[in-house]
file protein24.cif (mmCIF, C-alpha atoms and all ligand atoms)
data_start
#
loop_
_atom_site.label_atom_id
_atom_site.label_comp_id
_atom_site.auth_asym_id
_atom_site.auth_seq_id
_atom_site.Cartn_x
_atom_site.Cartn_y
_atom_site.Cartn_z
CA MET A 198 49.83 79.23 186.19
CA GLU A 199 48.47 80.08 182.78
CA TYR A 200 50.20 83.46 183.06
CA VAL A 201 53.51 81.72 183.81
CA ILE A 202 53.21 79.43 180.74
CA LEU A 203 52.31 82.40 178.52
CA ALA A 204 55.30 84.38 179.83
CA VAL A 205 57.66 81.45 179.14
CA VAL A 206 56.31 81.04 175.54
CA ILE A 207 56.78 84.80 174.82
CA ALA A 208 60.29 84.69 176.30
CA VAL A 209 61.24 81.72 174.06
CA ILE A 210 59.90 83.49 170.92
CA VAL A 211 61.78 86.72 171.71
CA ILE A 212 65.07 84.90 172.44
CA GLY A 213 64.67 82.87 169.21
CA ALA A 214 64.08 86.01 167.14
CA ILE A 215 67.12 87.80 168.62
CA ALA A 216 69.37 84.76 167.99
CA GLY A 217 68.15 84.58 164.37
CA LEU A 218 68.96 88.25 163.74
CA VAL A 219 72.47 87.93 165.18
CA VAL A 220 73.32 84.85 163.02
CA SER A 221 72.06 86.36 159.77
CA GLY A 222 73.87 89.60 160.57
CA ARG A 223 77.13 87.69 160.97
CA ARG A 224 76.59 85.82 157.71
CA ARG A 225 76.01 89.06 155.92
CA GLN A 226 79.28 90.40 157.24
CA GLN A 227 81.13 87.36 155.90
CA LEU A 228 79.67 87.53 152.36
CA PRO A 229 80.98 90.27 150.11
CA PRO A 230 78.27 92.60 148.91
CA LYS A 231 76.85 91.55 145.52
CA SER A 232 78.25 94.48 143.65
CA GLN A 233 81.79 93.67 144.73
CA ALA A 234 81.65 90.04 143.69
CA PRO A 235 84.88 89.26 141.79
CA VAL A 236 84.58 89.00 138.01
CA ILE A 237 86.57 86.19 136.47
CA THR A 238 88.13 87.41 133.27
CA ALA A 239 90.04 85.34 130.78
CA PRO A 240 93.63 86.53 130.41
CA PRO A 241 94.06 88.53 127.23
CA THR A 242 95.45 86.44 124.43
CA THR A 243 97.30 87.85 121.50
CA PRO A 244 96.87 85.51 118.56
CA ARG A 245 99.47 85.57 115.84
CA GLU A 246 98.41 87.74 112.95
CA PRO A 247 97.38 85.78 109.89
CA GLN A 248 99.31 86.40 106.72
CA VAL A 249 98.10 86.97 103.21
CA GLY A 250 97.59 83.70 101.47
CA GLU A 251 96.80 81.77 104.67
CA GLU A 252 93.29 80.54 105.11
CA ALA A 253 91.58 82.25 107.97
CA ALA A 254 91.09 80.36 111.22
CA PRO A 255 87.42 79.66 111.92
CA PRO A 256 85.98 82.75 113.54
CA THR A 257 86.40 82.66 117.28
CA GLU A 258 84.86 86.05 117.86
CA GLU A 259 81.36 87.01 118.79
CA PRO A 260 78.61 85.11 117.06
CA ARG A 261 77.35 86.75 113.90
CA ARG A 262 74.93 89.54 114.55
CA THR A 263 72.41 91.03 112.22
CA ILE A 264 73.03 94.44 110.75
CA GLU A 265 70.32 95.86 112.97
CA GLU A 266 72.09 94.50 116.04
CA VAL A 267 75.34 96.03 114.87
CA ALA A 268 73.64 99.30 114.13
CA LEU A 269 72.31 99.39 117.68
CA PRO A 270 75.33 98.16 119.57
CA GLU A 271 75.01 97.00 123.16
CA ALA A 272 78.51 98.24 123.76
CA PRO A 273 78.79 101.65 125.38
CA GLU A 274 78.29 104.49 122.94
CA ALA A 275 81.47 105.35 121.11
CA GLU A 276 83.09 108.35 122.65
CA VAL A 277 83.31 111.53 120.69
CA VAL A 278 86.44 113.47 121.36
CA GLU A 279 86.69 117.00 120.19
CA ALA A 280 90.04 118.65 119.95
CA ALA A 281 88.81 121.92 121.35
CA GLU A 282 87.30 120.23 124.40
CA ALA A 283 90.24 117.96 125.17
CA GLU A 284 92.41 118.95 128.08
CA ALA A 285 95.55 120.77 127.08
CA ALA A 286 94.54 120.53 123.44
CA PRO A 287 97.39 121.55 121.17
CA ALA A 288 97.02 124.63 119.02
CA ILE A 289 95.23 123.87 115.78
CA GLU A 290 97.66 123.76 112.89
CA VAL A 291 97.12 125.11 109.41
CA PRO A 292 98.07 122.34 106.97
CA GLU A 293 100.01 123.19 103.85
CA PRO A 294 97.95 123.70 100.69
CA THR A 295 97.73 120.53 98.64
CA ALA A 296 98.36 122.04 95.23
CA GLY A 297 101.94 121.50 94.21
CA ARG A 298 102.80 119.17 97.08
CA LEU A 299 104.25 116.59 94.74
CA VAL A 300 106.48 119.22 93.20
CA ARG A 301 107.63 120.32 96.64
CA LEU A 302 108.36 116.72 97.61
CA ARG A 303 109.96 115.67 94.35
CA SER A 304 113.43 115.25 95.83
CA ARG A 305 112.02 112.50 98.07
CA LEU A 306 111.74 110.35 94.98
CA SER A 307 115.48 110.48 94.49
CA ARG A 308 115.94 106.73 94.89
CA SER A 309 113.35 106.02 92.22
CA GLN A 310 114.76 108.87 90.20
CA ASN A 311 118.22 107.40 89.97
CA SER A 312 117.23 103.90 89.12
CA LEU A 313 114.28 104.54 86.88
CA GLY A 314 114.22 107.97 85.29
CA LYS A 315 117.91 108.76 85.13
CA GLY A 316 118.80 105.15 84.34
CA LEU A 317 116.46 105.06 81.37
CA LEU A 318 117.64 108.40 80.07
CA SER A 319 121.28 107.43 80.16
CA LEU A 320 120.58 104.14 78.42
CA LEU A 321 118.52 105.83 75.72
CA SER A 322 121.33 108.36 75.18
CA ARG A 323 123.80 105.70 74.10
CA GLU A 324 125.00 106.15 70.61
CA HIS A 325 124.05 102.66 69.50
CA LEU A 326 120.83 101.28 70.79
CA ASP A 327 121.59 97.62 70.22
CA GLU A 328 119.73 94.58 71.58
CA ASP A 329 121.81 94.55 74.74
CA THR A 330 120.88 98.13 75.50
CA TRP A 331 117.19 97.45 74.99
CA GLU A 332 117.51 94.52 77.33
CA GLU A 333 119.12 96.77 79.89
CA ILE A 334 116.26 99.21 79.49
CA GLU A 335 113.84 96.38 80.06
CA ASP A 336 115.74 95.24 83.17
CA THR A 337 115.72 98.76 84.56
CA LEU A 338 111.94 98.92 84.24
CA LEU A 339 111.48 95.47 85.77
CA THR A 340 113.79 96.28 88.68
CA ALA A 341 111.71 99.38 89.39
CA ASP A 342 108.64 97.11 89.69
CA VAL A 343 106.86 98.40 86.60
CA GLY A 344 105.65 94.85 85.87
CA VAL A 345 106.24 92.55 82.92
CA ALA A 346 103.41 93.48 80.55
CA PRO A 347 103.72 97.27 80.97
CA THR A 348 107.51 96.99 80.56
CA GLN A 349 107.18 95.15 77.26
CA GLU A 350 104.63 97.66 76.01
CA LEU A 351 106.81 100.58 76.94
CA VAL A 352 109.96 99.14 75.38
CA GLU A 353 108.07 98.36 72.19
CA ARG A 354 106.79 101.90 71.91
CA LEU A 355 110.16 103.42 72.73
CA ARG A 356 111.90 101.30 70.08
CA THR A 357 109.45 102.42 67.43
CA ARG A 358 109.59 106.07 68.37
CA VAL A 359 113.39 106.19 68.68
CA LYS A 360 113.65 104.70 65.20
CA VAL A 361 111.31 107.33 63.79
CA LEU A 362 113.13 110.09 65.65
CA GLY A 363 116.43 109.49 63.85
CA THR A 364 118.85 111.83 65.56
CA ARG A 365 118.33 112.04 69.30
CA THR A 366 119.15 115.10 71.35
CA PRO A 367 118.88 114.79 75.16
CA ASP A 368 115.83 117.04 75.06
CA ASP A 369 114.14 114.87 72.42
CA LEU A 370 114.76 111.81 74.50
CA ARG A 371 113.51 113.39 77.70
CA GLY A 372 110.33 114.55 75.95
CA LEU A 373 109.74 111.15 74.43
CA LEU A 374 110.32 109.27 77.65
CA ARG A 375 108.11 111.68 79.55
CA GLU A 376 105.23 111.21 77.13
CA GLU A 377 105.51 107.45 77.17
CA LEU A 378 105.75 107.18 80.96
CA VAL A 379 102.80 109.55 81.48
CA ASP A 380 100.75 107.52 79.00
CA LEU A 381 101.71 104.32 80.76
CA ILE A 382 100.55 105.72 84.11
CA GLY A 383 97.42 107.14 82.51
CA LYS A 384 96.65 110.83 82.42
CA ASP A 385 92.88 110.61 82.08
CA ALA A 386 91.99 108.66 85.21
CA ASP A 387 89.88 110.38 87.86
CA ARG A 388 92.29 110.81 90.73
CA THR A 389 90.21 113.04 92.95
CA VAL A 390 89.34 111.70 96.39
CA HIS A 391 85.54 111.84 96.42
CA SER A 392 84.99 113.81 99.58
CA THR A 393 82.28 116.30 98.71
CA LYS A 394 79.27 116.37 100.97
CA HIS A 395 75.90 115.13 99.68
CA GLU A 396 72.54 116.72 100.41
CA GLU A 397 71.72 113.95 102.89
CA GLY A 398 75.04 113.84 104.66
CA PRO A 399 78.82 113.76 104.53
CA ALA A 400 80.90 111.86 102.02
CA VAL A 401 82.27 108.68 103.55
CA VAL A 402 85.78 107.44 102.87
CA LEU A 403 86.91 104.05 104.16
CA VAL A 404 90.66 103.59 104.49
CA VAL A 405 91.71 99.94 104.25
CA GLY A 406 94.98 98.02 104.19
CA VAL A 407 97.07 95.67 106.29
CA ASN A 408 98.77 96.76 109.48
CA GLY A 409 102.03 98.60 109.12
CA VAL A 410 101.49 99.98 105.63
CA GLY A 411 100.78 103.44 107.03
CA LYS A 412 96.98 103.27 107.12
CA THR A 413 96.37 105.29 110.27
CA THR A 414 99.07 107.80 109.39
CA THR A 415 97.54 108.17 105.95
CA THR A 416 94.05 108.70 107.41
CA GLY A 417 95.48 111.44 109.62
CA LYS A 418 97.39 113.03 106.76
CA LEU A 419 94.34 112.80 104.52
CA ALA A 420 92.31 114.65 107.15
CA ARG A 421 94.89 117.43 106.86
CA VAL A 422 94.68 117.38 103.05
CA LEU A 423 90.90 117.76 103.25
CA VAL A 424 91.03 120.43 105.95
CA ALA A 425 93.59 122.29 103.85
CA ASP A 426 91.05 122.17 101.01
CA GLY A 427 88.39 123.70 103.28
CA ARG A 428 86.49 120.58 104.30
CA LYS A 429 85.05 119.82 107.72
CA VAL A 430 86.19 116.34 108.69
CA VAL A 431 85.14 113.74 111.28
CA LEU A 432 87.43 110.77 111.93
CA GLY A 433 86.28 107.25 112.83
CA ALA A 434 88.84 105.14 114.71
CA ALA A 435 87.49 101.77 113.62
CA ASP A 436 90.88 100.06 113.93
CA THR A 437 89.90 98.86 117.38
CA PHE A 438 92.33 95.95 117.34
CA ARG A 439 95.59 97.86 117.41
CA ALA A 440 95.78 99.42 120.85
CA ALA A 441 97.53 102.63 119.82
CA ALA A 442 95.64 103.25 116.59
CA ALA A 443 92.76 105.25 118.10
CA ASP A 444 95.09 107.47 120.15
CA GLN A 445 97.27 107.98 117.11
CA LEU A 446 94.30 109.00 114.98
CA GLN A 447 92.88 111.24 117.66
CA THR A 448 96.19 113.09 117.86
CA TRP A 449 96.11 113.65 114.11
CA GLY A 450 92.54 114.93 114.39
CA GLU A 451 93.33 117.27 117.26
CA ARG A 452 96.07 118.90 115.26
CA VAL A 453 93.59 120.12 112.67
CA GLY A 454 90.51 120.43 114.89
CA ALA A 455 88.70 117.33 113.62
CA ARG A 456 86.56 115.24 115.95
CA THR A 457 87.49 111.60 116.45
CA VAL A 458 84.85 109.00 117.20
CA ARG A 459 86.29 106.00 118.96
CA GLY A 460 84.99 102.89 120.67
CA PRO A 461 86.15 100.51 123.37
CA GLU A 462 89.39 98.66 122.69
CA SER A 463 88.75 95.44 120.76
CA GLY A 464 85.17 96.64 120.26
CA ASP A 465 83.17 96.18 117.11
CA PRO A 466 84.78 98.21 114.29
CA ALA A 467 81.46 98.38 112.43
CA SER A 468 79.71 100.08 115.33
CA VAL A 469 82.49 102.71 115.58
CA ALA A 470 82.21 103.33 111.83
CA PHE A 471 78.43 103.65 112.15
CA ASP A 472 78.73 106.12 115.03
CA ALA A 473 81.36 108.15 113.20
CA VAL A 474 79.05 108.66 110.24
CA LYS A 475 76.17 109.44 112.60
CA GLU A 476 78.36 112.09 114.22
CA GLY A 477 79.37 113.43 110.82
CA ILE A 478 75.70 113.84 109.89
CA ALA A 479 74.89 115.47 113.24
CA GLU A 480 77.55 118.10 112.94
CA GLY A 481 77.14 118.73 109.22
CA ALA A 482 80.63 117.52 108.30
CA ASP A 483 81.73 117.35 104.67
CA THR A 484 83.67 114.13 105.00
CA VAL A 485 83.93 111.21 107.40
CA LEU A 486 87.20 109.29 107.20
CA VAL A 487 87.08 105.82 108.70
CA ASP A 488 90.35 104.08 109.60
CA THR A 489 89.56 100.37 109.49
CA ALA A 490 91.29 97.39 111.08
CA GLY A 491 93.91 95.73 108.92
CA ARG A 492 94.34 92.81 111.27
CA LEU A 493 92.50 90.20 109.29
CA HIS A 494 93.94 90.19 105.88
CA THR A 495 93.03 86.65 105.06
CA LYS A 496 90.16 86.51 102.67
CA THR A 497 87.45 85.08 104.89
CA GLY A 498 88.22 87.22 107.92
CA LEU A 499 88.51 90.32 105.81
CA MET A 500 85.30 89.67 104.01
CA ASP A 501 83.49 89.33 107.31
CA GLU A 502 85.00 92.39 108.85
CA LEU A 503 85.30 94.91 106.01
CA GLY A 504 82.07 93.74 104.46
CA LYS A 505 80.30 94.34 107.75
CA VAL A 506 81.84 97.82 108.21
CA LYS A 507 80.74 98.79 104.71
CA ARG A 508 77.23 97.38 105.05
CA VAL A 509 76.66 99.08 108.38
CA VAL A 510 77.95 102.45 107.17
CA GLU A 511 75.71 102.13 104.12
CA LYS A 512 72.69 102.21 106.40
CA HIS A 513 73.39 105.95 106.57
CA GLY A 514 74.10 106.35 102.86
CA PRO A 515 76.59 105.31 100.19
CA VAL A 516 80.32 104.92 100.78
CA ASP A 517 82.05 107.33 98.40
CA GLU A 518 85.59 106.00 98.46
CA VAL A 519 87.38 102.88 99.56
CA LEU A 520 91.06 103.76 99.57
CA LEU A 521 93.52 100.88 99.71
CA VAL A 522 96.79 101.83 101.37
CA LEU A 523 99.85 99.93 100.11
CA ASP A 524 103.46 100.18 101.22
CA ALA A 525 105.51 100.82 98.06
CA THR A 526 108.59 99.23 99.60
CA THR A 527 106.96 95.80 99.77
CA GLY A 528 106.92 95.29 95.99
CA GLN A 529 105.27 92.06 94.94
CA ASN A 530 103.89 91.44 98.42
CA GLY A 531 101.97 94.69 98.09
CA LEU A 532 100.44 93.40 94.87
CA VAL A 533 99.34 90.20 96.58
CA GLN A 534 97.65 92.25 99.31
CA ALA A 535 96.03 94.44 96.69
CA ARG A 536 94.55 91.40 94.99
CA VAL A 537 93.10 90.02 98.24
CA PHE A 538 91.53 93.34 99.20
CA ALA A 539 90.11 93.89 95.75
CA GLU A 540 88.30 90.56 95.96
CA VAL A 541 86.72 91.53 99.25
CA VAL A 542 85.67 95.12 98.73
CA ASP A 543 85.33 97.50 95.77
CA ILE A 544 88.50 99.56 95.90
CA THR A 545 88.05 102.99 94.32
CA GLY A 546 91.52 104.40 94.80
CA ILE A 547 95.04 103.48 95.87
CA VAL A 548 97.36 105.28 98.25
CA LEU A 549 101.01 104.31 97.84
CA THR A 550 102.99 105.10 100.95
CA LYS A 551 106.74 105.20 101.61
CA LEU A 552 107.66 106.07 98.03
CA ASP A 553 110.42 108.11 99.66
CA GLY A 554 112.12 104.92 100.84
CA THR A 555 112.26 102.89 97.67
CA ALA A 556 113.78 102.79 94.22
CA LYS A 557 110.70 101.00 92.99
CA GLY A 558 108.56 103.88 91.83
CA GLY A 559 107.36 101.70 88.97
CA ILE A 560 104.95 100.04 91.41
CA VAL A 561 102.58 102.90 90.57
CA VAL A 562 102.13 101.39 87.12
CA ALA A 563 101.99 97.77 88.28
CA VAL A 564 99.38 98.27 90.99
CA GLN A 565 97.08 100.28 88.76
CA ARG A 566 97.26 97.56 86.14
CA GLU A 567 96.63 94.91 88.74
CA LEU A 568 93.50 96.53 90.14
CA GLY A 569 92.31 98.72 87.31
CA VAL A 570 92.00 101.49 89.89
CA PRO A 571 93.96 104.77 89.92
CA VAL A 572 96.62 105.78 92.42
CA LYS A 573 95.12 108.88 94.04
CA LEU A 574 97.62 109.81 96.73
CA ILE A 575 101.25 109.08 97.46
CA GLY A 576 103.12 109.16 100.75
CA LEU A 577 106.56 110.70 100.52
CA GLY A 578 107.67 110.86 104.13
CA GLU A 579 106.67 110.76 107.76
CA GLY A 580 105.95 114.49 108.03
CA ALA A 581 102.37 115.65 108.53
CA ASP A 582 102.10 117.19 105.07
CA ASP A 583 104.04 114.53 103.20
CA LEU A 584 100.98 113.05 101.51
CA ALA A 585 100.51 114.39 98.00
CA PRO A 586 97.71 114.14 95.47
CA PHE A 587 99.10 111.98 92.68
CA GLU A 588 99.68 113.78 89.40
CA PRO A 589 101.24 111.65 86.62
CA GLY A 590 102.96 114.59 84.89
CA ALA A 591 104.60 115.92 88.05
CA PHE A 592 105.53 112.39 89.11
CA VAL A 593 107.27 111.60 85.83
CA ASP A 594 108.99 115.00 85.84
CA ALA A 595 110.30 114.19 89.30
CA LEU A 596 111.61 110.85 88.01
CA ILE A 597 113.43 112.08 84.94
CA GLY A 598 114.04 115.72 85.77
CA ASP A 599 112.63 118.52 83.64
P1 LIG A 601 99.13 101.17 110.10
O1 LIG A 601 99.41 100.01 111.00
O2 LIG A 601 98.93 100.73 108.69
O3 LIG A 601 98.03 102.05 110.59
O4 LIG A 601 100.51 102.00 110.06
P2 LIG A 601 100.89 103.40 110.67
O5 LIG A 601 100.02 104.47 110.13
O6 LIG A 601 101.00 103.30 112.14
O7 LIG A 601 102.33 103.63 110.00
C1 LIG A 601 103.40 102.74 110.16
C2 LIG A 601 104.73 103.50 109.98
O8 LIG A 601 104.88 103.90 108.62
C3 LIG A 601 104.81 104.77 110.81
O9 LIG A 601 106.09 104.85 111.39
C4 LIG A 601 104.64 105.88 109.79
O10 LIG A 601 105.28 107.08 110.16
C5 LIG A 601 105.28 105.27 108.58
N1 LIG A 601 104.84 105.88 107.32
C6 LIG A 601 103.58 106.04 106.88
N2 LIG A 601 103.56 106.64 105.67
C7 LIG A 601 104.87 106.87 105.33
C8 LIG A 601 105.53 107.45 104.19
O11 LIG A 601 104.91 107.88 103.20
N3 LIG A 601 106.89 107.48 104.22
C9 LIG A 601 107.62 107.00 105.27
N4 LIG A 601 108.94 107.07 105.19
N5 LIG A 601 107.03 106.44 106.34
C10 LIG A 601 105.68 106.38 106.39
#

call {"tool": "encode", "arguments": {"input": "protein24.cif", "output": "structure tokens"}}
result
Amino acid sequence: MEYVILAVVIAVIVIGAIAGLVVSGRRRQQLPPKSQAPVITAPPTTPREPQVGEEAAPPTEEPRRTIEEVALPEAPEAEVVEAAEAEAAPAIEVPEPTAGRLVRLRSRLSRSQNSLGKGLLSLLSREHLDEDTWEEIEDTLLTADVGVAPTQELVERLRTRVKVLGTRTPDDLRGLLREELVDLIGKDADRTVHSTKHEEGPAVVLVVGVNGVGKTTTTGKLARVLVADGRKVVLGAADTFRAAAADQLQTWGERVGARTVRGPESGDPASVAFDAVKEGIAEGADTVLVDTAGRLHTKTGLMDELGKVKRVVEKHGPVDEVLLVLDATTGQNGLVQARVFAEVVDITGIVLTKLDGTAKGGIVVAVQRELGVPVKLIGLGEGADDLAPFEPGAFVDALIGD
């Protein structure tokens, strides 16, 4: 009897255990494995870009992080893409030498030439330089965006010198106008792009400006200028907000054999900039060019973003240049942008793009006055080698003909 009871108890336990296993097995089949659990992601939103002059919306991005946190980003390491390693990499091009580029590209200034240089010369050649003519000269300068104060100065000086000159041959007038325009632009400013390597590491150049002015294109063209001058360049694609910007920059880099450091889309621009400089140090580059995001051009947003990029890069060493890219065709709007940027970061040089598409070459004078910073490079077309070191003499010669 005892044996029978024992046998029944064992049978119940075994049946119970088997039933338990079957049920849990079924449950497991119904539940998706942990690793495949669906991730709920918010749909991407594309906020309207703020405009200069608007106050920035309160930051909706990541909470503020300390510099140390930025320097050691949690995000995946920025990728380093080397032209030579990339699949089907295009042949490396040899950029044109930079000396004399402005002279080669002088015809691109034809619109400015006609309205400014040639216009002034023909007015000055009139037999009687009466008040009306001087007013026309003033209008010509203002229309070319030279700016009010520089225009008045120039007209004043021209009036005095024309009086002293007495008789005026076309050559006299050309010489006089050339001298005055070169003086107005300033021949003594340091217009070199500081890109020479230091003992501790590469020179760092930040390229800043609002979207659409030609910032990424200019960074790519500048890489070519530097490579043409024998420098080894690393590019940092820190414009992580514009989807195509990193690809665009990488293509520029590949063409001249420069590495591009890039991060995840919409990632932290400062961490890409940091990694780019780190890469530049590791491979002994002469210059690291960092293309920054121009998305937030309201003062507060900019200050947060550009300030952070600069501070983080400075953990490696000093920033040598902050180049502000401005679209010459935007006239006064460009000057407003320039003012906002200058309040946020110490601009050391200006790049004026699209001078080939405007009659307003006088913006060179106005923007330098506005910022007290020299124009260092000018963009004269969409071609790869259409970025020229700015030389006042050659520029004025192109305007008035020599
Ligand atoms: P970003 O948004 O500031 O980075 O602007 P991009 O570099 O993408 O340039 C915007 C457009 O301006 C592109 O179509 C460029 O080819 C064009 N661009 C840039 N520089 C010049 C220039 O000097 N002359 C002309 N005509 N177009 C330019």

call {"tool": "residues_near_ligand", "arguments": {"input": "protein24.cif", "ligand": "ligand LIG 601 (chain A)", "cutoff": "9 Å", "atoms": "all atoms listed in the file", "output": "NGL selection string"}}
result
:A and (405-418 or 436 or 439 or 441-442 or 445-446 or 488-492 or 522-525 or 549-554 or 575-580 or 583-584)

call {"tool": "closest_residue", "arguments": {"input": "protein24.cif", "among": "A:Gly590, A:Gly427, A:Gly344, A:Pro367", "to": "Glu293 (chain A)", "atoms": "all atoms listed in the file"}}
result
A:Gly427

call {"tool": "atom_distance", "arguments": {"input": "protein24.cif", "atom1": "CA of Thr437 (chain A)", "atom2": "CA of Val469 (chain A)"}}
result
8.5 Å

call {"tool": "closest_residue", "arguments": {"input": "protein24.cif", "among": "A:Ile382, A:Val485, A:Glu476, A:Val424", "to": "Thr295 (chain A)", "atoms": "only C-alpha atoms"}}
result
A:Val424

call {"tool": "closest_residue", "arguments": {"input": "protein24.cif", "among": "A:Ala440, A:Leu326, A:Ala296, A:Leu339", "to": "Gly363 (chain A)", "atoms": "only C-alpha atoms"}}
result
A:Leu326

call {"tool": "closest_residue", "arguments": {"input": "protein24.cif", "among": "A:Asp336, A:Asp543, A:Asp594, A:Asp342", "to": "Val562 (chain A)", "atoms": "all atoms listed in the file"}}
result
A:Asp342

call {"tool": "atom_distance", "arguments": {"input": "protein24.cif", "atom1": "CA of Phe471 (chain A)", "atom2": "CA of Val510 (chain A)"}}
result
5.1 Å

call {"tool": "residues_around", "arguments": {"input": "protein24.cif", "residues": "Val487 (chain A)", "least_positions_apart": "5", "cutoff": "8 Å", "atoms": "only C-alpha atoms", "output": "VMD selection string"}}
result
chain A and resid 401 to 404 416 432 to 435 470 473

call {"tool": "atom_distance", "arguments": {"input": "protein24.cif", "atom1": "CA of Thr330 (chain A)", "atom2": "CA of Leu532 (chain A)"}}
result
28.6 Å

call {"tool": "closest_residue", "arguments": {"input": "protein24.cif", "among": "A:Ala591, A:Leu373, A:Ala425, A:Leu499", "to": "Glu540 (chain A)", "atoms": "only C-alpha atoms"}}
result
A:Leu499

call {"tool": "residues_near_point", "arguments": {"input": "protein24.cif", "point": "(79.4, 110.8, 108.2)", "cutoff": "12 Å", "atoms": "only C-alpha atoms", "output": "PyMOL selection string"}}
result
chain A and resi 392-403+429-433+456-458+469-487+510-517

call {"tool": "write_last_selection", "arguments": {"input": "protein24.cif", "atoms": "C-alpha atoms", "output": "JSON list (two decimals), in the coordinates of the input"}}
result
[["chain", "number", "residue", "atom", "x", "y", "z"],
["A", 392, "SER", "CA", 84.99, 113.81, 99.58],
["A", 393, "THR", "CA", 82.28, 116.30, 98.71],
["A", 394, "LYS", "CA", 79.27, 116.37, 100.97],
["A", 395, "HIS", "CA", 75.90, 115.13, 99.68],
["A", 396, "GLU", "CA", 72.54, 116.72, 100.41],
["A", 397, "GLU", "CA", 71.72, 113.95, 102.89],
["A", 398, "GLY", "CA", 75.04, 113.84, 104.66],
["A", 399, "PRO", "CA", 78.82, 113.76, 104.53],
["A", 400, "ALA", "CA", 80.90, 111.86, 102.02],
["A", 401, "VAL", "CA", 82.27, 108.68, 103.55],
["A", 402, "VAL", "CA", 85.78, 107.44, 102.87],
["A", 403, "LEU", "CA", 86.91, 104.05, 104.16],
["A", 429, "LYS", "CA", 85.05, 119.82, 107.72],
["A", 430, "VAL", "CA", 86.19, 116.34, 108.69],
["A", 431, "VAL", "CA", 85.14, 113.74, 111.28],
["A", 432, "LEU", "CA", 87.43, 110.77, 111.93],
["A", 433, "GLY", "CA", 86.28, 107.25, 112.83],
["A", 456, "ARG", "CA", 86.56, 115.24, 115.95],
["A", 457, "THR", "CA", 87.49, 111.60, 116.45],
["A", 458, "VAL", "CA", 84.85, 109.00, 117.20],
["A", 469, "VAL", "CA", 82.49, 102.71, 115.58],
["A", 470, "ALA", "CA", 82.21, 103.33, 111.83],
["A", 471, "PHE", "CA", 78.43, 103.65, 112.15],
["A", 472, "ASP", "CA", 78.73, 106.12, 115.03],
["A", 473, "ALA", "CA", 81.36, 108.15, 113.20],
["A", 474, "VAL", "CA", 79.05, 108.66, 110.24],
["A", 475, "LYS", "CA", 76.17, 109.44, 112.60],
["A", 476, "GLU", "CA", 78.36, 112.09, 114.22],
["A", 477, "GLY", "CA", 79.37, 113.43, 110.82],
["A", 478, "ILE", "CA", 75.70, 113.84, 109.89],
["A", 479, "ALA", "CA", 74.89, 115.47, 113.24],
["A", 480, "GLU", "CA", 77.55, 118.10, 112.94],
["A", 481, "GLY", "CA", 77.14, 118.73, 109.22],
["A", 482, "ALA", "CA", 80.63, 117.52, 108.30],
["A", 483, "ASP", "CA", 81.73, 117.35, 104.67],
["A", 484, "THR", "CA", 83.67, 114.13, 105.00],
["A", 485, "VAL", "CA", 83.93, 111.21, 107.40],
["A", 486, "LEU", "CA", 87.20, 109.29, 107.20],
["A", 487, "VAL", "CA", 87.08, 105.82, 108.70],
["A", 510, "VAL", "CA", 77.95, 102.45, 107.17],
["A", 511, "GLU", "CA", 75.71, 102.13, 104.12],
["A", 512, "LYS", "CA", 72.69, 102.21, 106.40],
["A", 513, "HIS", "CA", 73.39, 105.95, 106.57],
["A", 514, "GLY", "CA", 74.10, 106.35, 102.86],
["A", 515, "PRO", "CA", 76.59, 105.31, 100.19],
["A", 516, "VAL", "CA", 80.32, 104.92, 100.78],
["A", 517, "ASP", "CA", 82.05, 107.33, 98.40]]

call {"tool": "closest_residue", "arguments": {"input": "protein24.cif", "among": "A:Arg308, A:His391, A:Arg459, A:Arg375", "to": "Ala341 (chain A)", "atoms": "all atoms listed in the file"}}
result
A:Arg308

call {"tool": "decode", "arguments": {"input": "protein24.cif", "residues": "region 297-304 of chain A", "atoms": "N, CA and C atoms", "output": "mmCIF file, in the first residue's frame"}}
result
data_model
loop_
_atom_site.group_PDB
_atom_site.id
_atom_site.type_symbol
_atom_site.label_atom_id
_atom_site.label_comp_id
_atom_site.auth_asym_id
_atom_site.auth_seq_id
_atom_site.Cartn_x
_atom_site.Cartn_y
_atom_site.Cartn_z
ATOM 1 N N GLY A 297 48.650 83.564 -58.584
ATOM 2 C CA GLY A 297 48.107 84.068 -59.842
ATOM 3 C C GLY A 297 46.705 83.600 -60.163
ATOM 4 N N ARG A 298 46.039 82.944 -59.216
ATOM 5 C CA ARG A 298 44.670 82.492 -59.508
ATOM 6 C C ARG A 298 43.737 83.660 -59.784
ATOM 7 N N LEU A 299 43.908 84.730 -58.982
ATOM 8 C CA LEU A 299 43.000 85.859 -59.151
ATOM 9 C C LEU A 299 43.177 86.475 -60.544
ATOM 10 N N VAL A 300 44.420 86.476 -61.004
ATOM 11 C CA VAL A 300 44.664 87.038 -62.333
ATOM 12 C C VAL A 300 43.996 86.152 -63.386
ATOM 13 N N ARG A 301 44.124 84.833 -63.190
ATOM 14 C CA ARG A 301 43.504 83.910 -64.143
ATOM 15 C C ARG A 301 41.976 84.082 -64.165
ATOM 16 N N LEU A 302 41.426 84.368 -62.991
ATOM 17 C CA LEU A 302 39.968 84.420 -62.873
ATOM 18 C C LEU A 302 39.396 85.833 -63.015
ATOM 19 N N ARG A 303 40.232 86.765 -63.429
ATOM 20 C CA ARG A 303 39.813 88.168 -63.410
ATOM 21 C C ARG A 303 38.561 88.427 -64.240
ATOM 22 N N SER A 304 38.409 87.699 -65.330
ATOM 23 C CA SER A 304 37.244 87.976 -66.189
ATOM 24 C C SER A 304 35.938 87.643 -65.468
#
